[in-house]
>>> print(open('final-v4.csv').read())   # CSV, C-alpha atoms
chain,number,residue,atom,x,y,z
U,11,MET,CA,0.0,0.0,0.0
U,12,GLY,CA,2.7,2.4,1.0
U,13,SER,CA,5.0,1.9,-2.0
U,14,VAL,CA,2.0,2.1,-4.4
U,15,MET,CA,1.1,5.4,-2.9
U,16,THR,CA,4.7,6.6,-3.2
U,17,ILE,CA,4.7,5.7,-6.9
U,18,VAL,CA,1.4,7.4,-7.6
U,19,VAL,CA,2.5,10.6,-5.8
U,20,ALA,CA,5.8,10.5,-7.7
U,21,ILE,CA,4.1,10.2,-11.1
U,22,MET,CA,1.7,13.0,-10.2
U,23,VAL,CA,4.5,15.4,-9.2
U,24,VAL,CA,6.5,14.7,-12.3
U,25,ALA,CA,3.4,15.0,-14.6
U,26,GLY,CA,2.4,18.3,-12.9
U,27,ALA,CA,5.9,19.7,-13.3
U,28,LEU,CA,6.0,18.7,-17.0
U,29,PHE,CA,2.6,20.4,-17.6
U,30,THR,CA,3.8,23.5,-15.8
U,31,LEU,CA,7.0,23.4,-17.9
U,32,SER,CA,4.9,23.2,-21.1
U,33,ALA,CA,2.8,26.2,-19.9
U,34,ALA,CA,6.0,28.2,-19.5
U,35,ALA,CA,7.3,27.0,-22.9
U,36,GLY,CA,4.0,28.0,-24.4
U,37,LEU,CA,4.3,31.5,-22.9
U,38,VAL,CA,7.5,31.9,-24.8
U,39,ARG,CA,6.7,30.1,-28.1
U,40,PHE,CA,3.1,31.2,-28.8
U,41,PRO,CA,2.9,34.2,-31.1
U,42,ASP,CA,0.5,36.6,-29.4
U,43,VAL,CA,-1.2,37.4,-26.1
U,44,TYR,CA,-4.4,35.5,-26.9
U,45,THR,CA,-2.7,32.2,-27.8
U,46,ARG,CA,-0.4,32.7,-24.8
U,47,MET,CA,-3.5,32.7,-22.5
U,48,HIS,CA,-4.4,29.2,-23.8
U,49,ALA,CA,-1.1,27.9,-22.4
U,50,ALA,CA,-1.2,29.8,-19.1
U,51,SER,CA,-4.9,29.0,-18.3
U,52,LYS,CA,-5.0,25.3,-19.1
U,53,ALA,CA,-1.6,23.6,-18.7
U,54,GLY,CA,-0.8,25.9,-15.8
U,55,THR,CA,-4.1,24.9,-14.0
U,56,VAL,CA,-3.6,21.2,-14.5
U,57,GLY,CA,0.1,21.3,-13.6
U,58,SER,CA,-0.3,23.1,-10.3
U,59,GLY,CA,-3.5,21.1,-9.5
U,60,LEU,CA,-1.7,17.7,-9.9
U,61,MET,CA,1.2,18.8,-7.7
U,62,LEU,CA,-1.1,20.1,-5.0
U,63,ILE,CA,-3.1,16.9,-4.9
U,64,ALA,CA,0.1,14.9,-4.8
U,65,VAL,CA,1.3,16.9,-1.8
U,66,GLY,CA,-2.0,16.2,0.0
U,67,LEU,CA,-1.9,12.5,-0.8
U,68,HIS,CA,1.7,12.2,0.3
U,69,SER,CA,1.0,13.8,3.7
U,70,GLY,CA,-1.9,11.5,4.4
U,71,GLU,CA,-3.3,14.1,6.9
U,72,PHE,CA,-6.7,15.7,6.8
U,73,PRO,CA,-5.8,19.4,7.2
U,74,VAL,CA,-3.1,19.2,4.5
U,75,MET,CA,-5.4,17.4,2.0
U,76,ALA,CA,-8.3,19.8,2.7
U,77,ARG,CA,-6.1,22.8,2.0
U,78,ALA,CA,-4.6,21.2,-1.1
U,79,LEU,CA,-8.1,20.5,-2.5
U,80,ALA,CA,-9.2,24.0,-1.7
U,81,GLY,CA,-6.2,25.3,-3.6
U,82,VAL,CA,-7.2,23.2,-6.6
U,83,VAL,CA,-10.8,24.4,-6.5
U,84,PHE,CA,-9.7,28.0,-6.4
U,85,PHE,CA,-7.3,27.4,-9.3
U,86,ILE,CA,-10.2,26.0,-11.4
U,87,LEU,CA,-12.5,28.9,-10.4
U,88,THR,CA,-10.0,31.7,-11.0
U,89,ALA,CA,-7.8,30.6,-13.9
U,90,PRO,CA,-10.5,30.9,-16.7
U,91,ILE,CA,-11.7,34.2,-15.3
U,92,ALA,CA,-8.2,35.7,-15.2
U,93,ALA,CA,-7.5,34.4,-18.8
U,94,HIS,CA,-10.9,35.8,-20.0
U,95,LEU,CA,-10.3,39.3,-18.5
U,96,LEU,CA,-6.7,39.5,-19.8
U,97,ALA,CA,-7.8,38.6,-23.3
U,98,LYS,CA,-10.8,41.0,-23.1
U,99,ALA,CA,-8.7,43.9,-21.8
U,100,ALA,CA,-6.0,43.2,-24.5
U,101,HIS,CA,-8.7,43.3,-27.2
U,102,GLN,CA,-10.2,46.5,-25.9
U,103,VAL,CA,-7.0,48.5,-25.9
U,104,GLY,CA,-6.4,47.3,-29.5
U,105,TYR,CA,-3.8,44.5,-29.1
U,106,ARG,CA,-3.7,43.0,-32.5
U,107,LEU,CA,-4.0,39.3,-33.2
U,108,ASP,CA,-0.9,37.6,-34.7
U,109,SER,CA,-0.6,37.7,-38.5
U,110,SER,CA,-1.2,34.0,-38.7
U,111,SER,CA,-4.8,34.5,-37.4
U,112,VAL,CA,-7.5,33.6,-39.9
U,113,ARG,CA,-10.4,35.7,-38.7
U,114,ASP,CA,-11.6,38.2,-36.0
U,115,ASP,CA,-15.3,38.5,-35.6
U,116,MET,CA,-15.0,41.1,-32.8
U,117,LYS,CA,-13.5,43.7,-35.1
U,118,ARG,CA,-16.8,44.7,-36.5
U,119,ASN,CA,-18.0,46.4,-33.4
Y,10,MET,CA,-29.1,15.1,1.3
Y,11,ASN,CA,-30.1,13.2,4.5
Y,12,LEU,CA,-28.5,10.1,3.0
Y,13,PHE,CA,-25.3,12.0,2.3
Y,14,LEU,CA,-25.2,12.9,6.0
Y,15,LEU,CA,-25.8,9.3,6.9
Y,16,ASN,CA,-23.0,8.3,4.5
Y,17,LEU,CA,-20.7,10.8,6.2
Y,18,LEU,CA,-21.7,9.7,9.7
Y,19,LEU,CA,-21.0,6.1,8.8
Y,20,ALA,CA,-17.6,7.0,7.4
Y,21,ILE,CA,-16.8,8.9,10.7
Y,22,ALA,CA,-17.9,5.9,12.7
Y,23,TRP,CA,-15.5,3.8,10.6
Y,24,VAL,CA,-12.7,6.1,11.4
Y,25,ALA,CA,-13.5,6.2,15.1
Y,26,VAL,CA,-13.9,2.4,15.3
Y,27,SER,CA,-10.8,1.5,13.3
Y,28,GLY,CA,-8.8,4.1,15.4
Y,29,SER,CA,-6.6,5.7,12.8
Y,30,ILE,CA,-7.4,9.3,11.7
Y,31,SER,CA,-6.1,9.8,8.2
Y,32,VAL,CA,-7.3,10.8,4.8
Y,33,HIS,CA,-6.8,7.3,3.3
Y,34,ASN,CA,-8.8,5.7,6.1
Y,35,PHE,CA,-11.6,8.2,5.8
Y,36,ILE,CA,-11.9,7.7,2.1
Y,37,PHE,CA,-11.9,3.9,2.6
Y,38,GLY,CA,-14.6,4.3,5.3
Y,39,PHE,CA,-16.7,6.5,2.9
Y,40,VAL,CA,-16.5,3.9,0.2
Y,41,LEU,CA,-17.5,1.2,2.7
Y,42,ALA,CA,-20.4,3.3,3.9
Y,43,THR,CA,-21.6,3.9,0.3
Y,44,LEU,CA,-21.5,0.1,-0.3
Y,45,ALA,CA,-23.5,-0.5,2.9
Y,46,LEU,CA,-26.1,2.1,1.7
Y,47,ILE,CA,-26.3,0.4,-1.7
Y,48,LEU,CA,-27.0,-2.9,0.0
Y,49,ILE,CA,-30.0,-1.4,1.9
Y,50,ARG,CA,-31.1,1.1,-0.8
Y,51,GLU,CA,-34.7,-0.4,-1.0
Y,52,GLN,CA,-35.2,0.1,2.7
Y,53,VAL,CA,-33.9,3.6,3.0
Y,54,GLY,CA,-35.3,4.9,-0.3
Y,55,GLY,CA,-31.9,5.8,-1.6
Y,56,ALA,CA,-32.3,4.9,-5.3
Y,57,ASN,CA,-32.8,8.6,-6.1
Y,58,TYR,CA,-29.8,9.7,-4.0
Y,59,LEU,CA,-27.6,7.1,-5.7
Y,60,THR,CA,-28.6,8.0,-9.3
Y,61,ARG,CA,-28.1,11.7,-8.5
Y,62,THR,CA,-24.7,11.0,-7.0
Y,63,ARG,CA,-23.8,9.0,-10.1
Y,64,ARG,CA,-24.9,11.9,-12.4
Y,65,VAL,CA,-22.9,14.5,-10.5
Y,66,LEU,CA,-19.9,12.1,-10.4
Y,67,SER,CA,-20.1,11.5,-14.2
Y,68,LEU,CA,-20.4,15.2,-14.9
Y,69,PHE,CA,-17.3,15.8,-12.7
Y,70,ILE,CA,-15.4,13.0,-14.4
Y,71,LEU,CA,-16.3,14.5,-17.9
Y,72,PHE,CA,-15.1,17.9,-16.8
Y,73,VAL,CA,-11.8,16.5,-15.4
Y,74,LYS,CA,-11.3,14.5,-18.6
Y,75,GLU,CA,-11.8,17.6,-20.8
Y,76,LEU,CA,-9.4,19.6,-18.6
Y,77,MET,CA,-6.7,17.0,-18.8
Y,78,ASN,CA,-7.3,16.7,-22.5
Y,79,SER,CA,-6.9,20.4,-23.1
Y,80,ALA,CA,-3.7,20.6,-21.0
Y,81,TRP,CA,-2.3,17.6,-22.9
Y,82,LYS,CA,-3.2,19.3,-26.3
Y,83,VAL,CA,-1.5,22.5,-25.3
Y,84,ALA,CA,1.6,20.6,-24.2
Y,85,VAL,CA,1.7,18.6,-27.5
Y,86,THR,CA,1.3,21.8,-29.5
Y,87,VAL,CA,4.1,23.6,-27.6
Y,88,CYS,CA,6.5,20.7,-28.2
Y,89,ARG,CA,5.9,20.6,-32.0
Y,90,PRO,CA,8.8,22.3,-33.9
Y,91,ASN,CA,6.3,23.9,-36.3
Y,92,MET,CA,3.2,24.9,-34.4
Y,93,GLU,CA,1.0,25.5,-37.5
Y,94,LEU,CA,-1.5,27.6,-35.6
Y,95,LYS,CA,-4.5,29.1,-37.3
Y,96,PRO,CA,-5.8,31.2,-34.4
Y,97,GLY,CA,-8.8,33.5,-34.7
Y,98,ILE,CA,-11.8,35.0,-32.8
Y,99,ILE,CA,-15.2,33.7,-33.9
Y,100,ALA,CA,-18.7,34.8,-32.7
Y,101,VAL,CA,-20.8,31.9,-31.3
Y,102,PRO,CA,-24.5,32.6,-31.2
Y,103,LEU,CA,-25.9,32.0,-27.7
Y,104,ARG,CA,-29.0,30.0,-26.8
Y,105,VAL,CA,-28.6,30.4,-23.1
Y,106,ASP,CA,-29.5,33.9,-21.9
Y,107,ARG,CA,-29.3,34.0,-18.0
Y,108,ASP,CA,-26.2,35.5,-16.5
Y,109,PHE,CA,-25.4,32.4,-14.5
Y,110,GLU,CA,-25.7,30.1,-17.6
Y,111,ILE,CA,-23.5,32.4,-19.8
Y,112,THR,CA,-20.8,32.5,-17.0
Y,113,LEU,CA,-20.9,28.8,-16.7
Y,114,LEU,CA,-20.7,28.2,-20.4
Y,115,ALA,CA,-17.8,30.8,-20.8
Y,116,ASN,CA,-15.8,29.1,-18.0
Y,117,LEU,CA,-16.4,25.6,-19.4
Y,118,ILE,CA,-15.3,26.8,-22.9
Y,119,THR,CA,-12.1,28.3,-21.5
Y,120,LEU,CA,-11.2,25.0,-19.8
Y,121,THR,CA,-11.8,22.8,-22.9
Y,122,PRO,CA,-9.3,22.1,-25.7
Y,123,GLY,CA,-8.2,24.9,-28.0
Y,124,THR,CA,-10.8,27.5,-27.0
Y,125,LEU,CA,-10.9,30.6,-24.8
Y,126,SER,CA,-13.9,32.9,-24.3
Y,127,VAL,CA,-12.9,36.5,-24.8
Y,128,ASP,CA,-16.1,38.6,-24.5
Y,129,VAL,CA,-19.9,38.6,-24.6
Y,130,SER,CA,-21.5,41.0,-27.1
Y,131,ASP,CA,-23.5,43.9,-25.5
Y,132,ASP,CA,-26.9,42.5,-26.5
Y,133,ARG,CA,-25.8,39.1,-25.0
Y,134,ARG,CA,-26.5,37.3,-28.3
Y,135,PHE,CA,-23.0,36.3,-29.1
Y,136,LEU,CA,-20.0,34.9,-27.2
Y,137,TYR,CA,-16.7,35.7,-28.7
Y,138,VAL,CA,-14.4,32.7,-28.6
Y,139,HIS,CA,-10.7,32.7,-29.4
Y,140,ALA,CA,-9.7,29.3,-30.9
Y,141,LEU,CA,-6.2,27.9,-31.5
Y,142,ASP,CA,-7.4,26.2,-34.7
Y,143,CYS,CA,-9.9,28.3,-36.4
Y,144,SER,CA,-9.9,26.6,-39.8
Y,145,ASP,CA,-13.4,25.2,-39.4
Y,146,PRO,CA,-15.6,27.8,-37.7
Y,147,VAL,CA,-18.9,26.1,-38.6
Y,148,GLY,CA,-17.7,22.8,-36.9
Y,149,LEU,CA,-16.5,24.7,-33.9
Y,150,ARG,CA,-19.8,26.5,-33.4
Y,151,ARG,CA,-21.6,23.2,-33.8
Y,152,ASP,CA,-19.3,21.5,-31.2
Y,153,ILE,CA,-20.1,24.2,-28.6
Y,154,ALA,CA,-23.8,24.3,-29.3
Y,155,GLU,CA,-24.2,20.5,-29.3
Y,156,GLY,CA,-21.8,19.9,-26.4
Y,157,PHE,CA,-21.7,22.1,-23.3
Y,158,GLU,CA,-24.5,24.5,-24.2
Y,159,ARG,CA,-27.0,21.6,-24.7
Y,160,LYS,CA,-25.8,20.1,-21.4
Y,161,ILE,CA,-26.3,23.3,-19.6
Y,162,LEU,CA,-29.8,23.7,-21.1
Y,163,GLU,CA,-30.7,20.2,-20.1
Y,164,ALA,CA,-29.4,20.6,-16.6
Y,165,PHE,CA,-31.0,24.0,-15.7
Y,166,ARG,CA,-34.2,24.2,-17.7
>>> encode(input="final-v4.csv", output="structure tokens")
Amino acid sequence: MGSVMTIVVAIMVVAGALFTLSAAAGLVRFPDVYTRMHAASKAGTVGSGLMLIAVGLHSGEFPVMARALAGVVFFILTAPIAAHLLAKAAHQVGYRLDSSSVRDDMKRN
Amino acid sequence: MNLFLLNLLLAIAWVAVSGSISVHNFIFGFVLATLALILIREQVGGANYLTRTRRVLSLFILFVKELMNSAWKVAVTVCRPNMELKPGIIAVPLRVDRDFEITLLANLITLTPGTLSVDVSDDRRFLYVHALDCSDPVGLRRDIAEGFERKILEAFR
């Protein structure tokens, strides 16, 4: 039981770190602010969520697990709103889409 | 809801009787309590509670699956040497009209693969969605209307 839990926790920590790394790489590689928000909001949420749950499981204590789960819930609640507001603000001040973009339906208004 | 309390009480009783207070033991006790309730579901009238629990659980599992899927897709896209993005913002006509439903739909869209909600039009008839792959706007609109929007309409109407 103990060694299985250790392996599960180890896999979750490594996977979370890799997702967070891919989010960071996405911030560098994606061409404009809107595509960058994709990387930050999704891969970032999943990466930190996985690591938080792994910490809670590893401790095996109620208070730690409860706080880790609360952290995950707040990440899931806040990440999409933050991404949405940043993208909206960027569009309102006239931040252009990258030249590879194929259409922009918001331009008409 | 009463049955949920009963379930919780049984789990706490398990933790007290087995004498080790830990998350693992509590989860084990909760599963045991649920199994016990399933055994006596006819007597306690719990069929409704159990189906509702299963529905909530399946919705939760679907959401987690979509979230993992979208993170995986972003990771794969980032690792490709040539990303070949065709990003763009498309207007998606909304069938839901209450504030709560629009918020829920916008958040679900943001957490699913390749899409990010940017804004709602002033007359609340369109949701502006930024997509990583915008080569098929008609299919994208259909995916949103047939997927999460239909689920939200079914759940709250």
>>> closest_residue(input="final-v4.csv", among="Y:Ile49, Y:Leu14, Y:Leu141, Y:Ile153", to="Met92 (chain Y)", atoms="all atoms listed in the file")
Y:Leu141
>>> interface_residues(input="final-v4.csv", of="chain U", to="chain Y", cutoff="6 Å", atoms="only C-alpha atoms", output="list of chain:residue names")
U:Ser32, U:Gly36, U:Lys52, U:Ala53, U:Gly70, U:Glu71, U:Phe72, U:Pro90, U:His94, U:Ala97, U:Lys98, U:Ser111, U:Val112, U:Arg113, U:Asp114, U:Asp115
>>> residues_around(input="final-v4.csv", residues="Leu46 (chain Y)", least_positions_apart="5", cutoff="9 Å", atoms="only C-alpha atoms", output="VMD selection string")
chain Y and resid 12 15 to 16 41 53 55
>>> closest_residue(input="final-v4.csv", among="U:Met61, U:Val14, U:Ala100, U:Leu95", to="Met75 (chain U)", atoms="only C-alpha atoms")
U:Met61
>>> atom_distance(input="final-v4.csv", atom1="CA of Phe13 (chain Y)", atom2="CA of Glu110 (chain Y)")
26.9 Å
>>> residues_around(input="final-v4.csv", residues="Asp108 (chain U)", least_positions_apart="4", cutoff="9 Å", atoms="all atoms listed in the file", output="PDB file with C-alpha atoms, in the coordinates of the input")
ATOM      1  CA  PRO U  41       2.900  34.200 -31.100  1.00  0.00           C
ATOM      2  CA  ASP U  42       0.500  36.600 -29.400  1.00  0.00           C
ATOM      3  CA  VAL U  43      -1.200  37.400 -26.100  1.00  0.00           C
ATOM      4  CA  TYR U  44      -4.400  35.500 -26.900  1.00  0.00           C
ATOM      5  CA  THR U  45      -2.700  32.200 -27.800  1.00  0.00           C
TER       6      THR U  45
ATOM      7  CA  PRO Y  96      -5.800  31.200 -34.400  1.00  0.00           C
ATOM      8  CA  GLY Y  97      -8.800  33.500 -34.700  1.00  0.00           C
TER       9      GLY Y  97
END
>>> atom_distance(input="final-v4.csv", atom1="CA of Ala78 (chain U)", atom2="CA of Met47 (chain U)")
24.3 Å
>>> atom_distance(input="final-v4.csv", atom1="CA of Val18 (chain U)", atom2="CA of Ala89 (chain U)")
25.7 Å
>>> residues_around(input="final-v4.csv", residues="region 17-19 of chain Y", least_positions_apart="6", cutoff="12 Å", atoms="all atoms listed in the file", output="NGL selection string")
:Y and (10-11 or 25-26 or 35-46)
>>> closest_residue(input="final-v4.csv", among="Y:Leu103, Y:Val147, Y:Leu114, Y:Ala154", to="Arg134 (chain Y)", atoms="only C-alpha atoms")
Y:Leu103
>>> closest_residue(input="final-v4.csv", among="Y:Arg104, Y:Arg151, Y:Ile70, Y:Asp132", to="Glu163 (chain Y)", atoms="all atoms listed in the file")
Y:Arg104
